[in-house]
Amino acid sequence: MKAAPVRSAWQDVPPLRVRKFSERAMAEVPVLAEDILSAIRREYPGLPLVLDDSGEPMALIGIRRALEHFVEHLATGLEAPHVPPQVFQEFGRGEVLQGRSLDSLQAIYRLGIRLAWRRLAEIGTQMEIPPPAMYELAESGFQYLDGLVAESVRGYAEAAARQAGERLRLQRRLLDLLLSEHHHHRSAGEPSDLLADRAARIGWRVPRTVAVAVLVRPARSAVPPAVGDEVLLDMDCEQPRMVVPEPEAPGRTELLRRATTGWAGAVGPPVPLADAVKSLRWAQTAVALMERGLLPGGELLYCTEHTEALVLLPPEELIAGLTRHRLAPLAECGPTHSRRLAETLLAWLETRGGAPEVAGRLGVHPQTVRYRLRQIRELWGDDIDDPDSRFELELVLRSMRLRGELG
């Protein structure tokens, strides 16, 4: 058996009394709207007063329309009336343009509904509206307030999205200019007029030095790194790019580490602003080596900490040719013996020590090292004493070790 619907106390009020209540309230709407606006301006003296084309405050128009709309529906019941969206969405948009949050606007709405309810309660007492009916009227009023807030939130969100989209567009134009091959400064250390203008339009303080990072997406739907506005971020690339101002400033490395949690990539070396594209190239090179497994993956690495790999690994053709030339004496040795001699030679070149030092590095007996060093001298002859030859030998052997070909 279904429970009987709860009877509304407002519906029990005689229709004639409701009509007279509504007429009285409607007659007082213009003055009440003025009083509410005055109270708001006293409470929030810094609130800007925007005028419409006729010179009337937009806020006053909104308050008056909201009151009229609510009172018009009292005669037909307390079902929440449809909220007139345009004015209240505009209020939300205005908060974005003024650079404020919605907190103050919601506080203003609460102040307005409190003052409106106080006057409606006085009219209800004069019209002998029973307290239970007035309680229902108050509840309906606060539901109506929720609708006004929702419209303002919608306007705020739309304006914030447009503003964010415009900033991203302007930021991308600034990034494209910074990372252009043909980007020029007026003079040493000074940005061009075009760059200064684009930076000013997004409130970016032009730094003296930058580092450019290239990121590797952990997933297509990955949340962008939580960098602040001072770091320029372009997520539209297949491999997102970041321009980090003053990368050697205290705390900058830790900030980037926290902001890029879950992301991998490489941060190029710090360079003067005019050379940002050079930092970008090193970061791109490092990411390419990461993807080949030649540099550690799964983290944000700094190019300045992997200088050897970045110098020796990318010029593969040059290093390959030099390797064939300098390691030609090993051609007649078997693969295993050749690798052991190469490891011994590299350890000797790096330590410039005797058999005990080389043996300690390789983890073998000193006598084994002496035997190998005699073979090395026989294979290379006088070249092993030539500084240029030793330098090139060390280059090719270090590159082999970086590629994992030597222990």
# chains A, B, ... in the order shown; residues from 1 in each chain; ligands from 1
call {"tool": "residues_around", "arguments": {"residues": "range 330-347 of chain A", "least_positions_apart": "3", "cutoff": "12 Å", "atoms": "only C-alpha atoms", "output": "NGL selection string"}}
result
:A and (323-327 or 350-366 or 368-380 or 384 or 390-401 or 404-407)
call {"tool": "closest_residue", "arguments": {"among": "A:Arg167, A:Arg217, A:Arg208, A:Arg252", "to": "Val287 in chain A", "atoms": "only C-alpha atoms"}}
result
A:Arg217
call {"tool": "atom_distance", "arguments": {"atom1": "CA of Met242 in chain A", "atom2": "CA of Ala213 in chain A"}}
result
5.0 Å
call {"tool": "closest_residue", "arguments": {"among": "A:Leu32, A:Ile129, A:Leu74, A:Ala222", "to": "Arg114 in chain A", "atoms": "only C-alpha atoms"}}
result
A:Leu32
call {"tool": "closest_residue", "arguments": {"among": "A:Leu67, A:Met235, A:Leu194, A:Leu349", "to": "Val223 in chain A", "atoms": "only C-alpha atoms"}}
result
A:Met235
call {"tool": "residues_around", "arguments": {"residues": "range 102-112 of chain A", "least_positions_apart": "6", "cutoff": "12 Å", "atoms": "only C-alpha atoms", "output": "ChimeraX atom specification"}}
result
/A:32-47,59-60,62-64,66-67,88-96,118-119,141-157,160
call {"tool": "select_by_dssp", "arguments": {"residues": "range 149-369 of chain A", "states": "helix (DSSP H, G or I)", "output": "ChimeraX atom specification"}}
result
/A:149-178,193-201,252-259,273-291,303-305,307-312,316-326,328-332,335-351,355-362,366-369
call {"tool": "closest_residue", "arguments": {"among": "A:Leu115, A:Leu318, A:Met134, A:Met26", "to": "Trp10 in chain A", "atoms": "only C-alpha atoms"}}
result
A:Met134
call {"tool": "closest_residue", "arguments": {"among": "A:Arg403, A:Ser54, A:Glu238, A:Leu177", "to": "Leu295 in chain A", "atoms": "only C-alpha atoms"}}
result
A:Arg403
call {"tool": "atom_distance", "arguments": {"atom1": "CA of Gly298 in chain A", "atom2": "CA of Ala219 in chain A"}}
result
12.3 Å
call {"tool": "residues_around", "arguments": {"residues": "Leu301 in chain A", "least_positions_apart": "3", "cutoff": "10 Å", "atoms": "only C-alpha atoms", "output": "PyMOL selection string"}}
result
chain A and resi 213+257+264-268+283+286-287+290+295-298+304-306
call {"tool": "write_last_selection", "arguments": {"atoms": "all heavy atoms", "output": "mmCIF file, in the first residue's frame"}}
result
data_model
loop_
_atom_site.group_PDB
_atom_site.id
_atom_site.type_symbol
_atom_site.label_atom_id
_atom_site.label_comp_id
_atom_site.auth_asym_id
_atom_site.auth_seq_id
_atom_site.Cartn_x
_atom_site.Cartn_y
_atom_site.Cartn_z
ATOM 1 N N ALA A 213 63.035 20.929 -22.324
ATOM 2 C CA ALA A 213 62.841 19.503 -22.044
ATOM 3 C C ALA A 213 61.930 18.885 -23.097
ATOM 4 O O ALA A 213 61.030 19.543 -23.619
ATOM 5 C CB ALA A 213 62.230 19.312 -20.657
ATOM 6 N N ARG A 257 61.045 17.819 -10.809
ATOM 7 C CA ARG A 257 60.939 16.407 -10.436
ATOM 8 C C ARG A 257 59.532 16.082 -9.927
ATOM 9 O O ARG A 257 58.929 15.088 -10.328
ATOM 10 C CB ARG A 257 61.975 16.066 -9.364
ATOM 11 C CG ARG A 257 62.045 14.576 -9.016
ATOM 12 C CD ARG A 257 62.883 14.329 -7.781
ATOM 13 N NE ARG A 257 62.293 14.929 -6.590
ATOM 14 C CZ ARG A 257 61.260 14.407 -5.927
ATOM 15 N NH1 ARG A 257 60.699 13.281 -6.336
ATOM 16 N NH2 ARG A 257 60.794 15.006 -4.857
ATOM 17 N N ALA A 264 58.555 10.505 -18.348
ATOM 18 C CA ALA A 264 59.971 10.327 -18.680
ATOM 19 C C ALA A 264 60.345 11.383 -19.708
ATOM 20 O O ALA A 264 59.484 12.027 -20.306
ATOM 21 C CB ALA A 264 60.222 8.928 -19.229
ATOM 22 N N GLY A 265 61.638 11.559 -19.905
ATOM 23 C CA GLY A 265 62.093 12.533 -20.890
ATOM 24 C C GLY A 265 63.486 13.017 -20.561
ATOM 25 O O GLY A 265 64.191 12.415 -19.754
ATOM 26 N N ALA A 266 63.856 14.110 -21.208
ATOM 27 C CA ALA A 266 65.202 14.649 -21.023
ATOM 28 C C ALA A 266 65.146 16.165 -20.980
ATOM 29 O O ALA A 266 64.376 16.792 -21.719
ATOM 30 C CB ALA A 266 66.125 14.185 -22.150
ATOM 31 N N VAL A 267 65.972 16.740 -20.116
ATOM 32 C CA VAL A 267 66.097 18.191 -19.999
ATOM 33 C C VAL A 267 67.422 18.593 -20.631
ATOM 34 O O VAL A 267 68.485 18.129 -20.213
ATOM 35 C CB VAL A 267 66.053 18.645 -18.524
ATOM 36 C CG1 VAL A 267 66.153 20.175 -18.441
ATOM 37 C CG2 VAL A 267 64.786 18.159 -17.847
ATOM 38 N N GLY A 268 67.347 19.453 -21.639
ATOM 39 C CA GLY A 268 68.559 19.909 -22.315
ATOM 40 C C GLY A 268 69.409 20.782 -21.408
ATOM 41 O O GLY A 268 68.970 21.205 -20.332
ATOM 42 N N ALA A 283 68.113 17.704 -25.919
ATOM 43 C CA ALA A 283 67.045 16.941 -25.261
ATOM 44 C C ALA A 283 66.469 15.904 -26.225
ATOM 45 O O ALA A 283 66.193 14.759 -25.841
ATOM 46 C CB ALA A 283 65.957 17.889 -24.765
ATOM 47 N N ALA A 286 68.878 13.034 -26.514
ATOM 48 C CA ALA A 286 68.845 12.183 -25.328
ATOM 49 C C ALA A 286 67.616 11.272 -25.337
ATOM 50 O O ALA A 286 67.707 10.081 -25.010
ATOM 51 C CB ALA A 286 68.848 13.050 -24.068
ATOM 52 N N VAL A 287 66.470 11.806 -25.726
ATOM 53 C CA VAL A 287 65.251 10.981 -25.775
ATOM 54 C C VAL A 287 65.413 9.876 -26.812
ATOM 55 O O VAL A 287 64.980 8.729 -26.590
ATOM 56 C CB VAL A 287 64.024 11.865 -26.077
ATOM 57 C CG1 VAL A 287 62.818 11.007 -26.444
ATOM 58 C CG2 VAL A 287 63.692 12.726 -24.865
ATOM 59 N N MET A 290 67.352 7.249 -25.238
ATOM 60 C CA MET A 290 66.527 6.536 -24.254
ATOM 61 C C MET A 290 65.663 5.490 -24.942
ATOM 62 O O MET A 290 65.525 4.355 -24.463
ATOM 63 C CB MET A 290 65.627 7.534 -23.505
ATOM 64 C CG MET A 290 66.354 8.461 -22.549
ATOM 65 S SD MET A 290 65.265 9.752 -21.889
ATOM 66 C CE MET A 290 64.092 8.759 -20.960
ATOM 67 N N LEU A 295 70.247 5.075 -22.919
ATOM 68 C CA LEU A 295 70.195 5.919 -21.727
ATOM 69 C C LEU A 295 69.039 5.429 -20.863
ATOM 70 O O LEU A 295 68.072 4.847 -21.377
ATOM 71 C CB LEU A 295 69.989 7.397 -22.102
ATOM 72 C CG LEU A 295 71.208 8.169 -22.605
ATOM 73 C CD1 LEU A 295 70.819 9.594 -22.961
ATOM 74 C CD2 LEU A 295 72.329 8.162 -21.587
ATOM 75 N N PRO A 296 69.104 5.637 -19.556
ATOM 76 C CA PRO A 296 68.043 5.133 -18.676
ATOM 77 C C PRO A 296 66.677 5.700 -19.059
ATOM 78 O O PRO A 296 66.539 6.894 -19.350
ATOM 79 C CB PRO A 296 68.469 5.634 -17.285
ATOM 80 C CG PRO A 296 69.928 5.924 -17.409
ATOM 81 C CD PRO A 296 70.162 6.356 -18.815
ATOM 82 N N GLY A 297 65.678 4.855 -19.069
ATOM 83 C CA GLY A 297 64.314 5.280 -19.378
ATOM 84 C C GLY A 297 63.459 5.345 -18.122
ATOM 85 O O GLY A 297 63.899 5.002 -17.026
ATOM 86 N N GLY A 298 62.230 5.841 -18.297
ATOM 87 C CA GLY A 298 61.289 5.863 -17.185
ATOM 88 C C GLY A 298 61.504 6.978 -16.195
ATOM 89 O O GLY A 298 60.922 6.960 -15.111
ATOM 90 N N THR A 304 73.135 17.236 -18.888
ATOM 91 C CA THR A 304 74.437 17.569 -18.312
ATOM 92 C C THR A 304 74.996 16.436 -17.463
ATOM 93 O O THR A 304 76.192 16.435 -17.154
ATOM 94 C CB THR A 304 74.320 18.842 -17.452
ATOM 95 O OG1 THR A 304 73.230 18.697 -16.537
ATOM 96 C CG2 THR A 304 74.077 20.058 -18.329
ATOM 97 N N GLU A 305 74.156 15.479 -17.073
ATOM 98 C CA GLU A 305 74.625 14.331 -16.296
ATOM 99 C C GLU A 305 74.981 13.142 -17.190
ATOM 100 O O GLU A 305 75.379 12.085 -16.683
ATOM 101 C CB GLU A 305 73.551 13.923 -15.278
ATOM 102 C CG GLU A 305 73.251 15.015 -14.253
ATOM 103 C CD GLU A 305 72.098 14.643 -13.335
ATOM 104 O OE1 GLU A 305 71.545 13.522 -13.492
ATOM 105 O OE2 GLU A 305 71.739 15.465 -12.474
ATOM 106 N N HIS A 306 74.806 13.289 -18.497
ATOM 107 C CA HIS A 306 75.083 12.186 -19.438
ATOM 108 C C HIS A 306 75.876 12.710 -20.633
ATOM 109 O O HIS A 306 75.651 12.309 -21.772
ATOM 110 C CB HIS A 306 73.762 11.550 -19.903
ATOM 111 C CG HIS A 306 72.967 10.938 -18.791
ATOM 112 N ND1 HIS A 306 73.137 9.639 -18.368
ATOM 113 C CD2 HIS A 306 72.016 11.483 -17.975
ATOM 114 C CE1 HIS A 306 72.312 9.390 -17.352
ATOM 115 N NE2 HIS A 306 71.622 10.489 -17.090
#
